[in-house]
Every structure is written in structure tokens, then in C-alpha cells.
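Participant: Have a peek at data.txt (compact mmCIF, C-alpha atoms).
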# COMPACT_ATOMS: atom_id res chain seq x y z
CA MET R 449 2.17 -5.35 -18.38
CA ARG R 450 2.01 -7.30 -15.13
CA ILE R 451 1.56 -5.01 -12.13
CA LEU R 452 1.91 -6.31 -8.58
CA PHE R 453 0.64 -4.27 -5.64
CA SER R 454 1.92 -5.15 -2.17
CA SER R 455 0.19 -4.11 1.05
CA THR R 456 0.26 -4.48 4.79
CA PRO R 457 -2.83 -6.60 5.59
CA ALA R 458 -5.09 -3.77 6.79
CA HIS R 459 -7.93 -1.94 5.08
CA GLY R 460 -6.37 1.46 5.74
CA HIS R 461 -3.25 0.43 3.84
CA LEU R 462 -4.91 -1.47 0.99
CA LEU R 463 -7.92 0.69 0.08
CA PRO R 464 -5.92 3.78 -0.97
CA GLN R 465 -4.14 1.61 -3.55
CA LEU R 466 -7.33 0.43 -5.25
CA PRO R 467 -7.91 3.46 -7.54
CA LEU R 468 -4.49 2.97 -9.14
CA ALA R 469 -4.93 -0.80 -9.28
CA ARG R 470 -8.24 -0.27 -11.09
CA ALA R 471 -6.58 2.15 -13.49
CA PHE R 472 -4.00 -0.46 -14.49
CA ARG R 473 -6.72 -3.10 -14.76
CA ASP R 474 -8.84 -0.85 -16.97
CA ARG R 475 -5.82 -0.28 -19.22
CA GLY R 476 -5.79 -4.02 -19.85
CA ASP R 477 -2.80 -4.79 -17.64
CA GLN R 478 -2.64 -7.94 -15.53
CA VAL R 479 -3.01 -6.76 -11.92
CA ALA R 480 -2.58 -8.64 -8.66
CA VAL R 481 -2.38 -7.65 -5.00
CA MET R 482 -0.07 -9.44 -2.59
CA THR R 483 -1.33 -9.37 1.00
CA ALA R 484 -2.95 -11.66 3.55
CA GLY R 485 -5.79 -13.89 2.38
CA ALA R 486 -8.14 -12.29 4.92
CA LEU R 487 -8.54 -9.32 2.53
CA ALA R 488 -9.95 -11.45 -0.27
CA PRO R 489 -13.48 -10.00 0.24
CA VAL R 490 -12.15 -6.53 -0.65
CA LEU R 491 -10.53 -7.66 -3.90
CA ALA R 492 -13.03 -10.23 -5.18
CA PRO R 493 -15.68 -7.67 -6.27
CA GLU R 494 -12.97 -5.74 -8.14
CA GLY R 495 -11.95 -8.69 -10.28
CA ILE R 496 -8.36 -8.18 -9.07
CA GLU R 497 -6.29 -11.27 -8.33
CA LEU R 498 -5.14 -11.85 -4.76
CA LEU R 499 -1.76 -13.44 -4.11
CA PRO R 500 -2.08 -14.62 -0.48
CA ALA R 501 1.11 -13.98 1.46
CA GLY R 502 1.63 -14.09 5.20
CA PRO R 503 -0.77 -13.92 8.13
CA GLY R 504 -3.38 -11.29 8.85
CA ALA R 505 -2.94 -8.21 11.01
CA ASP R 506 -4.22 -9.95 14.15
CA VAL R 507 -1.42 -12.53 14.04
CA LEU R 508 1.19 -9.89 13.19
CA PHE R 509 0.13 -7.61 16.04
CA ALA R 510 0.12 -10.50 18.51
CA GLU R 511 3.62 -11.62 17.51
CA SER R 512 4.96 -8.07 17.47
CA ARG R 513 3.47 -7.48 20.92
CA ARG R 514 5.06 -10.72 22.17
CA ARG R 515 8.46 -9.55 20.93
CA THR R 516 8.30 -5.97 22.23
CA GLY R 517 5.67 -5.96 24.97
CA VAL R 518 3.98 -3.02 23.19
CA ASP R 519 0.79 -2.84 21.10
CA ALA R 520 2.04 -1.07 17.96
CA ALA R 521 -1.49 0.06 17.01
CA ALA R 522 -2.52 1.62 20.32
CA ASP R 523 0.95 2.79 21.37
CA PRO R 524 2.95 3.48 18.19
CA THR R 525 6.42 3.91 19.66
CA ARG R 526 9.33 3.96 17.21
CA GLU R 527 10.58 0.57 18.33
CA ALA R 528 7.15 -1.08 18.23
CA VAL R 529 6.32 0.33 14.79
CA ALA R 530 9.67 -0.80 13.36
CA GLU R 531 9.27 -4.29 14.78
CA PHE R 532 5.74 -4.65 13.41
CA PHE R 533 6.38 -3.44 9.85
CA ALA R 534 10.02 -4.40 9.26
CA GLY R 535 10.66 -7.20 11.75
CA THR R 536 7.61 -9.34 12.40
CA ARG R 537 5.92 -8.80 9.04
CA ILE R 538 9.01 -9.58 6.95
CA ASP R 539 9.80 -12.62 9.10
CA LEU R 540 6.28 -14.08 8.75
CA THR R 541 5.53 -13.01 5.17
CA ALA R 542 8.68 -12.89 3.03
CA ASP R 543 8.84 -16.57 2.04
CA ASP R 544 5.20 -16.65 0.91
CA ALA R 545 5.61 -13.34 -0.89
CA LEU R 546 8.74 -14.37 -2.80
CA ALA R 547 7.12 -17.60 -3.98
CA ALA R 548 3.91 -15.85 -5.05
CA ALA R 549 5.73 -13.01 -6.81
CA ARG R 550 8.06 -15.32 -8.72
CA ALA R 551 5.03 -17.20 -10.04
CA PHE R 552 3.30 -13.95 -11.03
CA ALA R 553 6.47 -12.49 -12.64
CA PRO R 554 5.66 -8.77 -12.31
CA ASP R 555 7.02 -6.02 -14.53
CA LEU R 556 6.40 -3.40 -11.81
CA ILE R 557 5.81 -3.59 -8.06
CA VAL R 558 3.81 -0.90 -6.24
CA ALA R 559 4.21 -1.05 -2.46
CA GLU R 560 2.33 1.15 -0.02
CA ALA R 561 4.56 3.29 2.15
CA MET R 562 4.60 1.03 5.22
CA ASP R 563 4.96 -2.21 3.27
CA PHE R 564 8.52 -3.54 3.36
CA VAL R 565 7.75 -6.92 1.82
CA GLY R 566 7.10 -5.54 -1.68
CA PRO R 567 10.48 -3.75 -1.76
CA LEU R 568 12.19 -6.96 -0.61
CA VAL R 569 10.55 -8.82 -3.48
CA ALA R 570 11.51 -6.05 -5.92
CA ALA R 571 15.14 -6.37 -4.83
CA ALA R 572 15.10 -10.15 -5.14
CA LEU R 573 13.42 -10.17 -8.56
CA GLU R 574 15.24 -7.04 -9.80
CA VAL R 575 11.93 -5.42 -10.73
CA PRO R 576 11.25 -1.64 -10.79
CA LEU R 577 9.61 -0.39 -7.60
CA ALA R 578 7.14 2.40 -6.87
CA THR R 579 6.18 3.27 -3.32
CA MET R 580 2.77 4.78 -2.58
CA ALA R 581 2.02 7.03 0.38
CA PHE R 582 -1.46 7.06 1.93
CA GLY R 583 -1.34 10.32 3.87
CA PRO R 584 1.02 13.09 5.01
CA ALA R 585 4.74 12.29 5.07
CA ILE R 586 5.68 10.00 7.96
CA PRO R 587 8.33 11.56 10.25
CA ALA R 588 11.92 10.45 9.74
CA GLU R 589 12.10 9.40 13.39
CA PHE R 590 9.87 6.47 12.38
CA THR R 591 10.94 5.78 8.81
CA ASP R 592 14.66 5.78 9.60
CA GLY R 593 14.25 3.09 12.25
CA ILE R 594 11.99 0.98 10.10
CA GLY R 595 14.41 1.27 7.19
CA ARG R 596 17.36 0.20 9.30
CA LEU R 597 15.56 -2.88 10.60
CA ALA R 598 14.28 -3.75 7.12
CA ALA R 599 17.84 -3.52 5.79
CA VAL R 600 18.94 -6.09 8.37
CA ARG R 601 16.17 -8.46 7.27
CA TYR R 602 17.12 -7.93 3.61
CA ALA R 603 20.79 -8.59 4.36
CA ASP R 604 19.84 -11.85 6.07
CA ARG R 605 18.58 -12.93 2.64
CA GLY R 606 21.56 -11.58 0.76
CA LEU R 607 19.62 -8.58 -0.54
CA THR R 608 20.25 -4.84 -0.58
CA PRO R 609 17.32 -2.37 -0.49
CA VAL R 610 16.70 -0.78 -3.88
CA PRO R 611 15.48 2.85 -3.94
CA ALA R 612 12.01 3.32 -5.36
CA ARG R 613 11.99 4.80 -8.85
CA TRP R 614 8.73 6.65 -8.10
CA HIS R 615 7.11 7.94 -4.91
CA LEU R 616 3.36 8.10 -5.58
CA ASP R 617 1.76 10.65 -3.28
CA PRO R 618 -1.98 11.21 -2.76
CA CYS R 619 -1.48 13.91 -0.12
CA PRO R 620 -2.04 17.52 -1.27
CA ASP R 621 0.57 20.09 -0.30
CA LEU R 622 -1.78 21.83 2.15
CA LEU R 623 -1.76 18.73 4.36
CA GLN R 624 1.98 18.10 4.35
CA PRO R 625 3.90 18.90 7.57
CA ALA R 626 5.81 22.12 8.02
CA GLY R 627 9.28 21.93 6.53
CA TRP R 628 8.34 19.06 4.25
CA ALA R 629 10.67 18.74 1.28
CA THR R 630 9.24 17.38 -1.97
CA PRO R 631 10.99 14.11 -2.90
CA GLN R 632 12.67 14.29 -6.30
CA ASN R 633 10.87 11.14 -7.41
CA ARG R 634 7.45 12.35 -6.23
CA LEU R 635 4.52 11.77 -8.55
CA PRO R 636 1.20 13.13 -7.20
CA VAL R 637 -1.88 10.97 -7.63
CA ARG R 638 -5.41 12.12 -6.86
CA PRO R 639 -6.95 10.33 -3.84
CA GLU R 640 -10.51 9.07 -3.99
CA PRO R 641 -12.86 8.06 -1.17
CA HIS R 642 -13.19 4.31 -1.23
CA ARG R 643 -16.01 3.15 -3.47
CA GLY R 644 -17.38 -0.11 -4.77
CA PRO R 645 -16.75 -1.42 -8.28
CA GLY R 646 -17.87 0.94 -11.02
CA PRO R 647 -16.85 4.30 -12.47
CA ALA R 648 -15.31 6.94 -10.25
CA ALA R 649 -17.15 10.16 -9.55
CA THR R 650 -15.88 13.32 -11.21
CA PRO R 651 -14.02 15.54 -8.70
CA ALA R 652 -16.41 18.18 -7.42
CA ALA R 653 -14.16 20.75 -5.80
CA ALA R 654 -15.47 23.64 -7.90
CA SER R 655 -18.45 24.20 -5.63
CA GLN R 656 -18.92 23.60 -1.95
CA PRO R 657 -21.46 21.04 -0.75
CA THR R 658 -24.95 22.22 0.05
CA SER R 659 -24.97 23.37 3.67
CA ARG R 660 -27.60 22.20 6.11
CA ARG R 661 -26.10 24.03 9.12
CA GLY R 662 -29.06 26.32 9.56
CA ASP R 663 -31.31 23.28 9.78
CA GLN R 664 -30.38 19.93 11.32
CA PRO R 665 -26.79 19.13 10.30
CA ARG R 666 -26.00 15.61 9.21
CA VAL R 667 -22.76 14.29 10.69
CA LEU R 668 -20.95 11.14 9.62
CA VAL R 669 -19.21 9.50 12.58
CA THR R 670 -16.64 6.97 11.39
CA PHE R 671 -13.79 5.47 13.36
CA GLY R 672 -12.60 3.05 10.71
CA THR R 673 -12.68 -0.71 10.54
CA HIS R 674 -10.98 -1.53 13.85
CA PHE R 675 -11.28 1.48 16.18
CA SER R 676 -15.04 1.35 16.85
CA ASP R 677 -14.78 0.36 20.52
CA PRO R 678 -18.18 1.03 22.14
CA ALA R 679 -16.50 1.90 25.46
CA VAL R 680 -14.72 4.77 23.69
CA LEU R 681 -17.53 5.82 21.39
CA ILE R 682 -20.61 5.66 23.64
CA PRO R 683 -19.61 8.86 25.52
CA ILE R 684 -18.87 10.57 22.18
CA LEU R 685 -22.24 9.56 20.73
CA THR R 686 -24.00 10.71 23.89
CA GLU R 687 -22.46 14.19 23.63
CA LEU R 688 -23.06 14.40 19.88
CA ARG R 689 -26.75 13.55 20.28
CA ALA R 690 -27.05 16.53 22.62
CA THR R 691 -25.97 18.85 19.78
CA GLY R 692 -29.12 18.02 17.83
CA ALA R 693 -27.19 16.70 14.84
CA ASP R 694 -28.51 13.93 12.63
CA LEU R 695 -25.90 11.21 13.19
CA VAL R 696 -24.80 8.47 10.79
CA PHE R 697 -22.43 6.05 12.51
CA THR R 698 -20.27 3.38 10.87
CA LEU R 699 -19.79 0.18 12.85
CA GLY R 700 -16.58 -0.95 11.18
CA LEU R 701 -15.88 -4.68 11.28
CA THR R 702 -16.18 -5.31 14.99
CA ALA R 703 -19.20 -3.54 16.54
CA GLN R 704 -22.98 -4.06 16.46
CA PRO R 705 -25.78 -1.49 17.04
CA GLU R 706 -26.86 -3.20 20.26
CA ASP R 707 -23.38 -2.63 21.69
CA PHE R 708 -24.25 1.06 22.11
CA GLY R 709 -27.42 0.72 24.17
CA THR R 710 -29.46 3.88 24.66
CA ALA R 711 -26.58 6.01 23.34
CA GLY R 712 -27.58 4.71 19.91
CA ASP R 713 -31.17 5.94 20.12
CA GLY R 714 -31.93 8.01 17.02
CA VAL R 715 -28.55 7.20 15.44
CA THR R 716 -28.43 5.68 11.96
CA PHE R 717 -25.99 2.75 12.11
CA THR R 718 -24.35 1.26 9.06
CA GLY R 719 -21.97 -1.66 8.65
CA PHE R 720 -18.74 -1.57 6.69
CA GLU R 721 -19.42 -0.03 3.31
CA PRO R 722 -17.52 2.18 0.87
CA LEU R 723 -16.87 5.67 2.19
CA ALA R 724 -17.87 7.36 -1.07
CA GLY R 725 -21.53 6.47 -0.54
CA LEU R 726 -21.52 7.56 3.09
CA LEU R 727 -20.22 11.03 2.24
CA HIS R 728 -23.29 11.95 0.21
CA ASP R 729 -25.57 14.47 1.90
CA VAL R 730 -23.48 15.03 5.05
CA ASP R 731 -22.19 18.35 6.32
CA LEU R 732 -19.11 17.25 8.22
CA VAL R 733 -17.26 14.17 9.44
CA VAL R 734 -16.21 13.09 12.93
CA THR R 735 -13.42 10.56 12.61
CA HIS R 736 -10.41 8.84 14.14
CA GLY R 737 -8.28 10.31 11.36
CA GLY R 738 -7.45 7.35 9.15
CA ALA R 739 -5.66 8.64 6.06
CA GLY R 740 -8.25 7.27 3.64
CA THR R 741 -11.14 8.77 5.57
CA THR R 742 -9.36 12.11 5.96
CA LEU R 743 -8.42 12.54 2.29
CA GLY R 744 -11.73 11.13 1.09
CA ALA R 745 -13.77 13.57 3.16
CA LEU R 746 -11.65 16.55 2.18
CA ALA R 747 -11.88 15.57 -1.49
CA ARG R 748 -15.62 16.16 -1.03
CA CYS R 749 -15.05 19.57 0.66
CA LEU R 750 -16.16 18.27 4.05
CA PRO R 751 -14.55 19.70 7.22
CA LEU R 752 -13.51 17.25 9.92
CA VAL R 753 -13.37 16.73 13.65
CA VAL R 754 -10.46 14.35 14.21
CA ALA R 755 -10.09 12.42 17.47
CA PRO R 756 -7.09 10.12 16.85
CA GLN R 757 -6.95 6.75 18.57
CA GLY R 758 -3.58 5.34 17.49
CA ALA R 759 -1.32 4.39 14.57
CA ASP R 760 -0.72 7.26 12.08
CA GLN R 761 -3.97 9.02 12.98
CA PHE R 762 -2.14 11.70 14.96
CA LEU R 763 -0.39 12.76 11.74
CA GLN R 764 -3.69 13.30 9.96
CA ALA R 765 -5.15 15.11 12.97
CA ALA R 766 -2.21 17.52 13.04
CA ALA R 767 -2.41 18.08 9.29
CA VAL R 768 -6.13 18.85 9.33
CA GLY R 769 -5.72 21.25 12.24
CA ALA R 770 -2.75 23.03 10.67
CA ALA R 771 -4.62 23.45 7.37
CA GLY R 772 -7.66 24.88 9.17
CA ALA R 773 -9.85 22.26 7.48
CA GLY R 774 -11.13 20.95 10.77
CA ILE R 775 -10.43 20.60 14.47
CA ALA R 776 -8.06 18.07 16.03
CA VAL R 777 -9.13 16.78 19.45
CA PRO R 778 -6.17 15.49 21.51
CA PRO R 779 -6.54 12.44 23.75
CA GLY R 780 -7.79 13.06 27.27
CA PRO R 781 -10.74 12.59 29.60
CA ASP R 782 -12.76 15.40 27.99
CA VAL R 783 -12.67 14.04 24.41
CA PRO R 784 -16.48 13.49 24.16
CA GLN R 785 -17.23 17.06 25.22
CA ALA R 786 -14.46 18.46 23.01
CA VAL R 787 -15.77 16.55 19.98
CA ALA R 788 -19.30 17.88 20.50
CA LYS R 789 -17.99 21.43 20.96
CA ALA R 790 -15.93 21.08 17.77
CA VAL R 791 -18.98 19.96 15.81
CA THR R 792 -20.86 23.05 16.97
CA THR R 793 -17.89 25.22 15.96
CA LEU R 794 -17.73 23.71 12.47
CA ARG R 795 -21.45 24.31 12.05
CA THR R 796 -21.15 28.02 12.86
CA ASP R 797 -17.69 29.06 11.60
CA ALA R 798 -17.49 28.99 7.81
CA THR R 799 -13.70 29.36 7.75
CA TYR R 800 -13.31 25.61 8.28
CA ALA R 801 -15.49 24.79 5.29
CA ASP R 802 -13.55 27.33 3.24
CA ALA R 803 -10.25 25.67 4.17
CA ALA R 804 -11.67 22.23 3.35
CA HIS R 805 -12.71 23.61 -0.02
CA ALA R 806 -9.15 24.84 -0.64
CA VAL R 807 -7.79 21.36 0.09
CA ALA R 808 -10.42 19.84 -2.20
CA GLU R 809 -9.33 22.16 -5.01
CA GLN R 810 -5.75 20.96 -4.65
CA ILE R 811 -6.92 17.35 -4.70
CA ALA R 812 -9.03 17.90 -7.81
CA ALA R 813 -6.01 19.37 -9.62
CA MET R 814 -3.83 16.30 -8.97
CA PRO R 815 -3.31 13.76 -11.78
CA SER R 816 -5.95 11.04 -11.86
CA PRO R 817 -5.01 7.40 -11.17
CA GLY R 818 -5.51 6.69 -14.87
CA GLU R 819 -3.07 9.44 -15.85
CA VAL R 820 -0.52 8.17 -13.34
CA ALA R 821 -0.83 4.58 -14.61
CA GLU R 822 -0.15 5.78 -18.16
CA ARG R 823 2.86 7.82 -17.03
CA LEU R 824 4.37 4.87 -15.15
CA VAL R 825 3.98 2.57 -18.12
CA ASN R 826 5.39 5.14 -20.56
CA SER R 827 8.40 5.80 -18.33
CA MET R 828 9.21 2.08 -18.33
CA SER R 829 9.04 1.74 -22.11
Kindly transcribe the structure held in the file into C-alpha cells.
Facilitator:
Amino acid sequence: MRILFSSTPAHGHLLPQLPLARAFRDRGDQVAVMTAGALAPVLAPEGIELLPAGPGADVLFAESRRRTGVDAAADPTREAVAEFFAGTRIDLTADDALAAARAFAPDLIVAEAMDFVGPLVAAALEVPLATMAFGPAIPAEFTDGIGRLAAVRYADRGLTPVPARWHLDPCPDLLQPAGWATPQNRLPVRPEPHRGPGPAATPAAASQPTSRRGDQPRVLVTFGTHFSDPAVLIPILTELRATGADLVFTLGLTAQPEDFGTAGDGVTFTGFEPLAGLLHDVDLVVTHGGAGTTLGALARCLPLVVAPQGADQFLQAAAVGAAGAGIAVPPGPDVPQAVAKAVTTLRTDATYADAAHAVAEQIAAMPSPGEVAERLVNSMS
């Protein structure tokens, strides 16, 4: 079969799709990903074909900001989010996407939850569609507005949105919001922390990670690929160093060690690399709350301190706090001190590690990407 994945051009949207894309590839299916060409370095090592379509996130954010006067990443209002995902992106990407998809001739399109180009292509080509979430359910106050604007863009092309046949969901029930209703077309799929090419690790939720809390705890500090602003993170690092923790800090795609001055003394810095390797031999994670980071850490039984910076990170922060698997730190002038205090709390209160273990058990029980790929193919036969 020919499987086409479609993604918003951002690591946080693309990386959660890779385990399922690999599963189809390993089955012998022809797999391609349709997104901006800037993400070619992510796909090239996987041996997965890239169908370049539309500009990168920087161009999309700039145009969306020009249209609305709001930065949709830093200030995710309903109007700004709808314009970015369903207005600007469709306007600047749809023509490229339709041409690329027609040439590829997919049998199935898998679109991540905030991608509205893949569903447009599925409607135009009359191809079955699966949507894939990357975290807890997004509130209707956002999805309804995005859907309405997308429908206008589809109608401009003589198309009508087609409901997804499957809703692939990597979020365990313990992290879903209160009152969440299971979609009838939901198909759970086990999330994995992002890794490089090679076999996936066996889920290890049966036993909790070895604790180092009585010694010198090792803390992974990761604020994703684009939220590693030294002005924000230097005060956090300064407070974390005072806790005595052994700190491993990811630089993302934009920062350098020298950007952190003396606040980086004694900190182990690492550039962008797969999360799976970084999670080895750490006791807890301090993060912005990207969905991939959140689910990946909890899949390894690691409690979290979540200090959201923008986008959907507030959803993950709320979910982690509600599940008791970590501490959510709301925005404010005392964030550095609150993060350091939360790290100390996680080191001394075992209930957070126990809750993280409960989430990890749910994740381990979810169908693997390989099992989901087989089910999708069989249901299309």
C-alpha cells in the first residue's frame, strides 16, 4: 500500500508520527511524508520519502502574524490559532500538496491533528483519511473555529471536508481532560519517545526506574526545539543549580552553550538529539510541556515539572498536574523559583513517581504502532 503522512512543518507535530510511519515502512508499504522541505534532515535518516509542500513554520508564523497581529505560538488565541493552521497554512501549502499527493497516489492519508492540508488532499483525491492526535484532546473552543475556517478554504476549492475514518490517539486515558468523551472512531496507539533509526525499545512500565534521589538526582531540562530562549532559561538554570541536581540541558535548534554564561557552569549541554537517548539514567524531567516530550518521559515512568511557554503546552501541563504525575508551574515572575521548588518536591515525594508509573502502565498496554498499522491495512481490505 501507499501511505501518505501529512504534517504541520514543526518537529513537535512530525516526530510523534514517525513510529507509525516506520511501522508501515517495515511492513513493506511505500511511505511518504508531506510537509515543508526544511524537515528533510528528520526524514532522510529514516529512509522515508519527503514530499515537499509549502513553506516552513517561520514563513507561516510571519504571514499569520501579519494577518492577525498576533503571534500564534506565544499567544495562542482562538483566532490566531485558526488563522495559522486553517487559513495561512492552507493558503500557502494546498497547491503544492495537491500536486505532490496526486503524483504519489496514496491509498491512505494520515494527518496529524492540527494538519488541515492532509484532509483537504484526502477530500480532493477521495482517499481514506486517518487523523492522529499528539497529546490530550484539544478543546472544542479551538477545534471548532479551526474547522469552520478550514471548511471555508475547502469550499473555495469546491471541496467538502470528509470525516476521518480513524482517530489515532497516543494519549492514555489518565492524561485526558475531565469530561472527555471517547470518539467512536478512536484507535489507541502507543507513543514512543523520539529515537533515531533502529529498533524500538521494549516498553518498560513493569518496574520503576532506579532512583537516585538519595544521592545527586539527574534532571533533564528540555524546552523543545524552539523554546530555548536563554533570557527565559538562565534564571531557571540558576535556581536549578542551587538544588544540587546534576543537570542535562538540551539546546534545541536555536541556542548555544555560550548563550548561558555562568548560569551554564557545571551543566551538561547537548544539541538536538532523539529524546529516547536523553531519558536514560535521569530521575525526572523539567520541560516546557511539548506533547512528545511529555508522553515520552511518562512512557519511561519519569515524573515531570512542566513550565509551559506557549502553543498547546498548557494542555499538557494541566494533564500532568491533574494526573499527579508531576507539577505544573503557571506563568509568572516566580517561575524559576517555582521550578526549583517543584524539583525538590518530586525528589522527596514518591507519590509523583507512583502516578507517573501508573501512566506508563497505561501507555505500555496500548497497541504498538506495528499492530495499529496492521489493523488499518486489514480494515481497508
Participant: Return the single residue from R:Asp797, R:Glu809, R:Asp694, R:Glu721 that is closest to Cys749 of chain R, with distances computed using all atoms listed in the file.
Facilitator: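 Ranking R:Asp797, R:Glu809, R:Asp694, R:Glu721 by distance to Cys749 of chain R, first place goes to R:Glu809.
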Participant: For Thr579 of chain R, please output as a ChimeraX atom specification all residues within 6 Å (counting only C-alpha atoms; exclusion window: fewer than 4 positions along the same chain).
Facilitator: /R:558-561,615
Participant: Give me a file of those residues, with C-alpha atoms, as a short mmCIF file (atom, residue, chain, number, x, y, z; two decimals), in the frame of the given file.
Facilitator:
data_model
loop_
_atom_site.label_atom_id
_atom_site.label_comp_id
_atom_site.auth_asym_id
_atom_site.auth_seq_id
_atom_site.Cartn_x
_atom_site.Cartn_y
_atom_site.Cartn_z
CA VAL R 558 3.81 -0.90 -6.24
CA ALA R 559 4.21 -1.05 -2.46
CA GLU R 560 2.33 1.15 -0.02
CA ALA R 561 4.56 3.29 2.15
CA HIS R 615 7.11 7.94 -4.91
#
Participant: Provide the atom CA of Gly772 of chain R to atom CA of Leu685 of chain R distance in Å, to one decimal place.
Facilitator: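 Separating atom CA of Gly772 of chain R from atom CA of Leu685 of chain R is a distance of 24.1 Å.
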Participant: Leaving out Gln785 of chain R and any residue of its chain fewer than 3 positions from it, which residues lie within 8 Å of it when counting all atoms listed in the file, given as a list in words?
Facilitator: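 That gives Ile684, Glu687, Asp782, Ala788 and Lys789 of chain R.
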Participant: Select from segment 452-497 of chain R every residue with an atom at most 12 Å from any atom of segment 759-767 of chain R, then for each give the shortest pair of atoms and their distance in Å to one decimal, using only C-alpha atoms, rows by chain and rising number, as a tab-separated table.
Facilitator:
residue	atom	partner	partner_atom	distance
R:Ala458	CA	R:Ala759	CA	11.9
R:Gly460	CA	R:Asp760	CA	10.3
R:His461	CA	R:Asp760	CA	11.0
Participant: Ranking R:Ala803, R:Gly725, R:Ala739, R:Thr691 by minimum distance to Cys619 of chain R and counting all atoms listed in the file, which one comes first?
Facilitator: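 For Cys619 of chain R, the nearest of the candidates is R:Ala739.
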Participant: Looking at all atoms listed in the file, which of R:Thr735, R:Asp474, R:Gly758, R:Ala798 is the one that sits closest to Ala522 of chain R?
Facilitator: R:Gly758
Participant: Atom CA of Met580 of chain R and atom CA of Leu616 of chain R are how many Å apart?
Facilitator: 4.5 Å
Participant: Select, from R:His459, R:His805, R:Arg605, R:His736, the residue with the minimum atom-to-atom distance to Pro722 of chain R, counting all atoms listed in the file.
Facilitator: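 Distance minimum relative to Pro722 of chain R lands on R:His459.
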Participant: Find the residues near segment 816-828 of chain R: any atom within 6 Å, counting all atoms listed in the file, skip ones fewer than 2 places away on the same chain, and give them as a list in words.
Facilitator: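 Near neighbours after the sequence-gap exclusion: Leu468, Ala471, Phe472, Val637 and Arg638 of chain R.
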Participant: Nearest residue to Pro620 of chain R out of R:Thr483, R:Thr516, R:Thr742, R:Gln632, using only C-alpha atoms?
Facilitator: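 So, comparing all the options, the nearest one is R:Thr742.
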Participant: Taking all atoms listed in the file into account, which of R:Gly774, R:Gly476, R:Gly769, R:Pro636 comes nearest Pro815 of chain R?
Facilitator: R:Pro636
